[in-house]
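Novice: Provided herewith: run_15.cif, mmCIF, C-alpha atoms and all ligand atoms.
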data_coords
#
loop_
_atom_site.label_atom_id
_atom_site.label_comp_id
_atom_site.auth_asym_id
_atom_site.auth_seq_id
_atom_site.Cartn_x
_atom_site.Cartn_y
_atom_site.Cartn_z
CA MET A 1 120.72 103.09 111.73
CA THR A 2 117.24 104.55 112.12
CA GLN A 3 116.66 107.87 110.37
CA GLU A 4 114.05 110.40 111.44
CA ILE A 5 112.66 112.19 108.40
CA ASN A 6 110.21 115.13 108.41
CA GLU A 7 110.46 116.17 104.76
CA VAL A 8 108.61 114.47 101.93
CA LEU A 9 111.44 115.17 99.46
CA ARG A 10 114.06 113.57 101.68
CA LEU A 11 111.77 110.58 102.20
CA SER A 12 111.22 110.20 98.43
CA GLU A 13 114.97 110.33 97.79
CA TYR A 14 115.56 107.65 100.40
CA VAL A 15 112.82 105.34 99.09
CA GLN A 16 113.71 105.83 95.41
CA ALA A 17 117.38 105.05 96.10
CA ALA A 18 116.37 101.84 97.92
CA LYS A 19 113.99 100.81 95.12
CA LEU A 20 116.66 101.44 92.46
CA LYS A 21 118.75 98.87 94.27
CA GLY A 22 115.82 96.43 93.96
CA LYS A 23 114.80 96.71 97.61
CA THR A 24 111.21 96.28 98.79
CA VAL A 25 109.67 98.82 101.15
CA GLY A 26 107.31 97.84 103.97
CA PHE A 27 105.24 100.66 105.46
CA ILE A 28 103.33 100.91 108.74
CA PRO A 29 101.25 104.05 109.28
CA THR A 30 100.64 104.81 112.97
CA MET A 31 99.51 107.59 115.25
CA GLY A 32 102.34 106.87 117.68
CA ALA A 33 102.02 106.05 121.39
CA LEU A 34 103.38 102.71 120.28
CA HIS A 35 102.60 99.42 122.00
CA GLU A 36 103.26 95.74 121.37
CA GLY A 37 100.49 95.66 118.74
CA HIS A 38 102.37 98.18 116.62
CA LEU A 39 105.66 96.43 117.26
CA ALA A 40 104.26 93.05 116.15
CA ILE A 41 103.36 94.68 112.83
CA VAL A 42 106.82 96.22 112.59
CA ARG A 43 108.45 92.81 113.15
CA GLN A 44 106.35 91.22 110.42
CA ALA A 45 107.12 94.04 108.00
CA ARG A 46 110.85 93.76 108.77
CA GLN A 47 110.75 90.06 107.94
CA GLU A 48 108.95 90.57 104.67
CA ASN A 49 110.80 93.62 103.30
CA ASN A 50 114.30 94.99 102.82
CA VAL A 51 113.43 98.44 104.12
CA THR A 52 110.86 99.37 106.78
CA VAL A 53 109.25 102.80 107.12
CA VAL A 54 106.98 103.71 110.05
CA SER A 55 105.06 106.97 109.98
CA ILE A 56 103.86 108.72 113.11
CA TYR A 57 101.13 111.28 112.60
CA VAL A 58 98.10 112.03 114.77
CA ASN A 59 95.59 112.77 112.06
CA GLU A 60 93.13 115.41 113.23
CA ARG A 61 90.86 114.71 110.24
CA GLN A 62 89.86 111.30 111.57
CA PHE A 63 88.87 112.52 115.04
CA ASN A 64 85.27 113.48 115.71
CA HIS A 65 85.89 115.32 118.93
CA ALA A 66 88.53 117.99 119.34
CA GLU A 67 89.02 116.83 122.91
CA ASP A 68 89.82 113.25 121.87
CA PHE A 69 92.42 114.62 119.43
CA VAL A 70 93.99 116.84 122.10
CA LYS A 71 94.05 114.02 124.65
CA TYR A 72 95.49 111.45 122.27
CA PRO A 73 98.77 110.27 123.86
CA ARG A 74 101.96 111.52 122.20
CA ASN A 75 105.54 110.56 123.03
CA ARG A 76 107.93 111.08 120.11
CA GLU A 77 111.15 110.24 121.94
CA ARG A 78 109.88 106.98 123.38
CA ASP A 79 108.38 105.94 120.03
CA VAL A 80 111.59 106.62 118.12
CA HIS A 81 113.58 104.70 120.72
CA LEU A 82 111.28 101.67 120.43
CA LEU A 83 111.51 101.72 116.65
CA GLN A 84 115.30 102.02 116.78
CA GLU A 85 115.37 98.92 118.94
CA GLU A 86 113.28 97.09 116.32
CA GLY A 87 115.73 98.08 113.58
CA VAL A 88 113.28 100.24 111.61
CA ASP A 89 115.05 102.12 108.82
CA VAL A 90 112.95 105.29 108.69
CA VAL A 91 110.57 106.97 111.13
CA TYR A 92 108.61 109.47 109.09
CA PHE A 93 106.93 112.46 110.75
CA PRO A 94 104.89 113.98 107.93
CA GLN A 95 103.91 117.63 107.94
CA THR A 96 100.23 118.46 107.65
CA GLU A 97 100.73 121.01 104.84
CA GLN A 98 102.70 118.48 102.78
CA LEU A 99 100.08 115.75 103.29
CA PHE A 100 96.79 117.36 102.40
CA THR A 101 97.65 119.04 99.10
CA PRO A 102 94.96 118.89 96.39
CA GLU A 103 96.97 116.37 94.33
CA ASN A 104 97.29 114.02 97.33
CA LEU A 105 93.54 113.72 97.90
CA PRO A 106 91.82 110.64 96.48
CA VAL A 107 89.22 111.54 93.87
CA ASN A 108 86.51 109.83 91.87
CA PHE A 109 85.96 106.77 93.91
CA SER A 110 83.28 105.48 96.19
CA LEU A 111 83.49 103.30 99.25
CA LYS A 112 79.98 102.05 98.43
CA GLY A 113 78.61 102.66 101.90
CA LEU A 114 81.31 100.69 103.75
CA GLU A 115 82.19 103.97 105.47
CA ASP A 116 78.66 104.61 106.75
CA VAL A 117 78.12 101.62 109.06
CA LEU A 118 79.55 100.69 112.50
CA GLU A 119 82.47 103.05 113.22
CA GLY A 120 81.36 105.25 110.34
CA ALA A 121 77.84 105.62 111.77
CA ALA A 122 79.19 106.35 115.24
CA ARG A 123 81.94 108.68 114.01
CA PRO A 124 80.75 110.60 110.94
CA GLY A 125 83.62 111.61 108.67
CA HIS A 126 86.09 109.31 110.42
CA PHE A 127 86.83 107.13 107.41
CA LYS A 128 87.03 110.10 105.06
CA GLY A 129 89.86 111.30 107.30
CA VAL A 130 91.49 107.86 107.34
CA VAL A 131 91.29 107.44 103.57
CA GLU A 132 92.70 110.93 102.96
CA VAL A 133 95.70 110.46 105.21
CA VAL A 134 96.52 106.92 104.06
CA HIS A 135 96.20 107.91 100.39
CA ALA A 136 98.55 110.85 100.94
CA LEU A 137 100.98 108.70 102.92
CA PHE A 138 101.02 106.07 100.16
CA LEU A 139 101.99 108.80 97.69
CA HIS A 140 104.73 110.03 100.02
CA VAL A 141 106.16 106.62 100.93
CA GLN A 142 105.45 104.62 97.73
CA PRO A 143 105.58 101.34 99.69
CA THR A 144 105.70 97.85 98.22
CA LYS A 145 103.57 96.52 101.08
CA ALA A 146 101.54 98.41 103.70
CA TYR A 147 100.53 96.86 107.02
CA PHE A 148 97.34 97.38 109.02
CA GLY A 149 95.93 95.78 112.16
CA LEU A 150 92.79 93.66 112.09
CA LYS A 151 91.77 95.30 115.36
CA ASP A 152 90.49 98.02 113.02
CA PHE A 153 88.75 95.54 110.75
CA GLN A 154 86.52 98.10 109.05
CA GLN A 155 89.54 100.27 108.33
CA VAL A 156 91.27 97.33 106.62
CA THR A 157 88.15 96.61 104.53
CA ILE A 158 87.85 100.24 103.48
CA LEU A 159 91.54 100.63 102.63
CA ARG A 160 91.43 97.43 100.56
CA LYS A 161 88.51 98.94 98.68
CA MET A 162 90.47 102.16 98.10
CA VAL A 163 93.51 100.26 96.80
CA LYS A 164 91.33 98.19 94.46
CA GLU A 165 89.17 101.03 93.16
CA LEU A 166 92.12 103.35 92.55
CA ASN A 167 94.41 100.56 91.39
CA LEU A 168 97.15 101.67 93.75
CA PRO A 169 100.47 99.82 93.35
CA VAL A 170 100.69 98.51 96.93
CA ASP A 171 99.94 95.19 98.65
CA LEU A 172 97.87 95.52 101.80
CA VAL A 173 98.75 93.12 104.60
CA ALA A 174 96.36 92.59 107.54
CA VAL A 175 97.92 91.63 110.88
CA PRO A 176 96.08 89.82 113.72
CA THR A 177 95.14 91.71 116.88
CA VAL A 178 97.69 91.65 119.68
CA ARG A 179 96.17 91.35 123.17
CA ALA A 180 97.37 91.76 126.72
CA GLU A 181 97.63 88.54 128.74
CA ASN A 182 94.15 89.16 130.15
CA GLY A 183 92.72 89.44 126.61
CA LEU A 184 92.31 93.21 126.38
CA ALA A 185 93.13 94.32 122.83
CA LEU A 186 96.15 96.63 122.97
CA SER A 187 95.39 100.20 122.04
CA SER A 188 97.12 103.54 122.52
CA ARG A 189 93.90 104.70 124.17
CA ASN A 190 94.30 102.08 126.94
CA GLN A 191 96.86 104.47 128.47
CA ARG A 192 93.94 106.69 129.40
CA LEU A 193 92.16 103.93 131.37
CA SER A 194 92.54 103.70 135.14
CA GLU A 195 93.48 100.30 136.56
CA CYS A 196 89.87 99.79 137.58
CA GLU A 197 88.65 100.70 134.07
CA GLN A 198 91.16 98.31 132.51
CA ASN A 199 89.50 95.51 134.48
CA GLU A 200 86.02 96.72 133.57
CA ALA A 201 87.03 96.74 129.89
CA LEU A 202 87.53 92.97 130.02
CA VAL A 203 83.79 92.58 129.54
CA LEU A 204 84.49 93.23 125.84
CA ILE A 205 86.75 90.22 125.33
CA GLN A 206 84.51 88.13 127.59
CA THR A 207 81.50 88.99 125.45
CA LEU A 208 83.33 88.35 122.19
CA SER A 209 84.53 84.99 123.53
CA PHE A 210 80.96 84.16 124.53
CA LEU A 211 79.82 84.92 120.98
CA LYS A 212 82.59 82.81 119.49
CA GLN A 213 81.69 79.90 121.73
CA HIS A 214 77.95 79.98 121.02
CA TYR A 215 77.82 81.22 117.41
CA GLY A 216 75.73 78.80 115.36
CA LYS A 217 74.43 77.02 118.44
CA ILE A 218 71.88 79.61 119.60
CA PRO A 219 69.50 81.56 117.33
CA MET A 220 71.14 84.81 116.26
CA LYS A 221 68.71 87.17 117.97
CA GLU A 222 69.02 85.39 121.27
CA LEU A 223 72.79 85.33 120.99
CA LEU A 224 72.98 89.07 120.30
CA ASP A 225 70.47 89.87 123.07
CA GLN A 226 72.52 87.94 125.61
CA ALA A 227 75.76 89.54 124.51
CA ARG A 228 74.34 93.08 124.57
CA THR A 229 72.77 92.47 127.98
CA ASN A 230 76.13 91.33 129.25
CA ILE A 231 77.67 94.69 128.36
CA HIS A 232 74.64 96.72 129.51
CA GLN A 233 75.04 95.09 132.92
CA SER A 234 78.67 96.20 133.14
CA PRO A 235 79.94 99.75 133.82
CA LEU A 236 80.67 100.19 130.09
CA LYS A 237 78.36 102.19 127.85
CA LEU A 238 77.64 100.15 124.74
CA ASP A 239 77.84 101.95 121.41
CA TYR A 240 77.19 98.96 119.15
CA LEU A 241 77.58 95.21 119.10
CA GLU A 242 76.95 93.53 115.77
CA ILE A 243 77.66 90.32 113.92
CA ILE A 244 78.55 91.27 110.38
CA ASP A 245 79.41 89.84 107.00
CA LEU A 246 83.19 89.90 106.51
CA GLU A 247 83.02 91.55 103.11
CA THR A 248 79.97 93.79 103.04
CA LEU A 249 80.09 94.66 106.76
CA ILE A 250 76.30 94.33 106.80
CA SER A 251 74.75 93.16 110.09
CA LEU A 252 73.55 89.57 109.88
CA ALA A 253 70.17 88.36 111.05
CA GLU A 254 70.94 84.71 110.35
CA VAL A 255 73.95 82.54 111.00
CA GLN A 256 76.34 82.03 108.09
CA PRO A 257 79.51 79.90 108.11
CA GLN A 258 81.83 82.81 108.94
CA ALA A 259 81.16 86.22 110.39
CA LEU A 260 82.75 88.91 112.50
CA ALA A 261 81.54 90.04 115.91
CA CYS A 262 82.44 93.66 116.49
CA VAL A 263 81.88 95.88 119.44
CA ALA A 264 82.40 99.50 120.46
CA ALA A 265 81.82 100.85 123.95
CA PHE A 266 82.83 103.67 126.23
CA CYS A 267 84.86 102.72 129.24
CA GLY A 268 84.73 105.90 131.28
CA GLU A 269 85.66 108.61 128.77
CA VAL A 270 87.57 106.28 126.48
CA ARG A 271 85.95 104.67 123.47
CA LEU A 272 87.22 101.13 122.85
CA ILE A 273 86.65 98.80 119.91
CA ASP A 274 87.34 95.12 119.43
CA ASN A 275 86.27 92.26 117.17
CA MET A 276 86.51 88.51 116.77
CA LEU A 277 86.10 86.05 113.92
CA LEU A 278 83.15 83.68 114.41
CA ILE A 279 82.97 80.26 112.78
CA ALA A 280 79.67 78.37 112.94
CA GLN A 281 79.91 74.85 114.31
P1 LIG B 301 97.05 103.51 115.33
O1 LIG B 301 98.37 104.05 115.80
O2 LIG B 301 96.07 103.27 116.41
O3 LIG B 301 96.51 104.30 114.16
O4 LIG B 301 97.38 102.08 114.76
C1 LIG B 301 98.34 101.88 113.74
C2 LIG B 301 98.15 100.50 113.19
O5 LIG B 301 98.33 99.54 114.23
C3 LIG B 301 96.72 100.27 112.64
O6 LIG B 301 96.81 99.53 111.45
C4 LIG B 301 96.05 99.51 113.75
O7 LIG B 301 95.01 98.67 113.28
C5 LIG B 301 97.20 98.69 114.28
N1 LIG B 301 96.94 98.23 115.64
C6 LIG B 301 96.52 98.97 116.68
N2 LIG B 301 96.34 98.21 117.77
C7 LIG B 301 96.66 96.94 117.41
C8 LIG B 301 96.67 95.69 118.09
N3 LIG B 301 96.32 95.57 119.36
N4 LIG B 301 97.06 94.59 117.39
C9 LIG B 301 97.42 94.70 116.07
N5 LIG B 301 97.43 95.86 115.40
C10 LIG B 301 97.05 96.96 116.04
#
Show me this structure written as structure tokens.
Specialist:
Amino acid sequence: MTQEINEVLRLSEYVQAAKLKGKTVGFIPTMGALHEGHLAIVRQARQENNVTVVSIYVNERQFNHAEDFVKYPRNRERDVHLLQEEGVDVVYFPQTEQLFTPENLPVNFSLKGLEDVLEGAARPGHFKGVVEVVHALFLHVQPTKAYFGLKDFQQVTILRKMVKELNLPVDLVAVPTVRAENGLALSSRNQRLSECEQNEALVLIQTLSFLKQHYGKIPMKELLDQARTNIHQSPLKLDYLEIIDLETLISLAEVQPQALACVAAFCGEVRLIDNMLLIAQ
């Protein structure tokens, strides 16, 4: 039976009781408006743990624009129903005042600039908000393993850094991006796209596929120029398109054996991101 819990103390009691029985706890933090991408993570976590906890919390601290926060889709009943169907044990709805207490904030560690590039450059303060909420949620849930989607590659890199630097007792698991049949990366924000915009957004996956196909075969500058032109010629407004090192997230000027292509663009009012692993041939 799926339990809905809003209270940190009740959650702690539940998790501690499970751990005393030797059970492992898999945790998936989300902002709700669940889709198949979230559910794929839930299924993996269910397979790898005895108990599964999903949190739903739209974290204002990681939004740059009040309007984006207000317009973020919310549907508690539908989300709980979907998670019940997946056999999730606990759906946790944390309360803001219980999350951001002074003792829950991460201190004395540096992300070494990982938070300043790409999404961080485009959305100042975004990763500070992400790190704060995930750190607090880890303290609340005390998971054995925590699951994050590779669609937010930079987020995964930054959270790995946090776990390492602060020596947090949790294993981070990164889950591949789930896409619609047409290739569009699933995102809660896709709900805000018109049908026409959903088609226009396909230029992102087309461009990433182009990069994957030609990486290592065309000089880097030419490759990036062609890819950026492709998006400039579409109705989308390009924010950035870069080929980066998988660990440092630094933009590459030369081909190396493996890299990540990552893109962010506005489709109408909605900002979309996507990425793809590139392997030089
Ligand atoms: P969100 O609710 O957008 O904060 O996402 C919650 C988790 O689901 C994050 O770890 C995301 O990276 C992950 N996620 C979102 N979309 C996808 C997707 N299409 N495929 C896999 N994971 C995803």
Novice: Using all atoms listed in the file, which residue out of A:Ala40, A:Val178, A:Ala280, A:Val54 lies closest to ligand LIG 301 (chain B)?
Specialist: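 Smallest separation from ligand LIG 301 (chain B) among the options: A:Val178.
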Novice: Kindly compile the residues surrounding ligand LIG 301 (chain B) within 6 Å, counting all atoms listed in the file, and format them as a ChimeraX atom specification.
Specialist: /A:29-32,37-38,148-152,176-179,185-187
Novice: Can you tell me which residues surround Met276 in chain A at a distance of at most 8 Å, considering all atoms listed in the file, apart from same-chain residues fewer than 3 positions away, and format the answer as number ranges by chain?
Specialist: A: 208-209, 212, 260-262
Novice: Figure out the distance between CA of Glu4 in chain A and CA of Thr52 in chain A, please, to one decimal in Å.
Specialist: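 CA of Glu4 in chain A lies 12.4 Å from CA of Thr52 in chain A.
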Novice: Of the residues A:Gly125, A:Pro102, A:Pro169, A:Pro257, which is the one nearest to Arg61 in chain A, using only C-alpha atoms?
Specialist: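 Distance minimum relative to Arg61 in chain A lands on A:Gly125.
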Novice: In Å, how far is it from CA of Arg189 in chain A to CA of Val131 in chain A?
Specialist: 20.9 Å
Novice: From the set A:Ala121, A:Asn50, A:Met220, A:Glu132, which residue has the shortest atom-to-atom contact distance to Leu105 in chain A, counting only C-alpha atoms?
Specialist: A:Glu132
Novice: Neighbouring residues of Gly87 in chain A were defined as those with any atom within 12 Å, considering all atoms listed in the file; residues of the same chain fewer than 4 positions away were excluded. Please report them as a PDB file with C-alpha atoms, keeping the file's coordinate frame.
Specialist:
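So out_8.pdb came out as:
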ATOM      1  CA  MET A   1     120.720 103.090 111.730  1.00  0.00           C
ATOM      2  CA  THR A   2     117.240 104.550 112.120  1.00  0.00           C
ATOM      3  CA  GLN A   3     116.660 107.870 110.370  1.00  0.00           C
ATOM      4  CA  LEU A  39     105.660  96.430 117.260  1.00  0.00           C
ATOM      5  CA  VAL A  42     106.820  96.220 112.590  1.00  0.00           C
ATOM      6  CA  ARG A  43     108.450  92.810 113.150  1.00  0.00           C
ATOM      7  CA  ALA A  45     107.120  94.040 108.000  1.00  0.00           C
ATOM      8  CA  ARG A  46     110.850  93.760 108.770  1.00  0.00           C
ATOM      9  CA  GLN A  47     110.750  90.060 107.940  1.00  0.00           C
ATOM     10  CA  ASN A  50     114.300  94.990 102.820  1.00  0.00           C
ATOM     11  CA  VAL A  51     113.430  98.440 104.120  1.00  0.00           C
ATOM     12  CA  THR A  52     110.860  99.370 106.780  1.00  0.00           C
ATOM     13  CA  VAL A  53     109.250 102.800 107.120  1.00  0.00           C
ATOM     14  CA  VAL A  54     106.980 103.710 110.050  1.00  0.00           C
ATOM     15  CA  VAL A  80     111.590 106.620 118.120  1.00  0.00           C
ATOM     16  CA  HIS A  81     113.580 104.700 120.720  1.00  0.00           C
ATOM     17  CA  LEU A  82     111.280 101.670 120.430  1.00  0.00           C
ATOM     18  CA  LEU A  83     111.510 101.720 116.650  1.00  0.00           C
ATOM     19  CA  VAL A  91     110.570 106.970 111.130  1.00  0.00           C
TER      20      VAL A  91
END
Novice: Give me, as a short mmCIF file (atom, residue, chain, number, x, y, z; two decimals) with C-alpha atoms, keeping the file's coordinate frame, all polymer residues having an atom no more than 8 Å from Tyr147 in chain A, counting all atoms listed in the file and skipping those fewer than 4 positions away in the same chain.
Specialist:
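To be explicit, this is the file written out as out.cif:
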data_model
loop_
_atom_site.label_atom_id
_atom_site.label_comp_id
_atom_site.auth_asym_id
_atom_site.auth_seq_id
_atom_site.Cartn_x
_atom_site.Cartn_y
_atom_site.Cartn_z
CA GLY A 26 107.31 97.84 103.97
CA PHE A 27 105.24 100.66 105.46
CA ILE A 28 103.33 100.91 108.74
CA PRO A 29 101.25 104.05 109.28
CA ILE A 41 103.36 94.68 112.83
CA ALA A 45 107.12 94.04 108.00
CA LEU A 172 97.87 95.52 101.80
CA VAL A 173 98.75 93.12 104.60
CA ALA A 174 96.36 92.59 107.54
CA VAL A 175 97.92 91.63 110.88
#
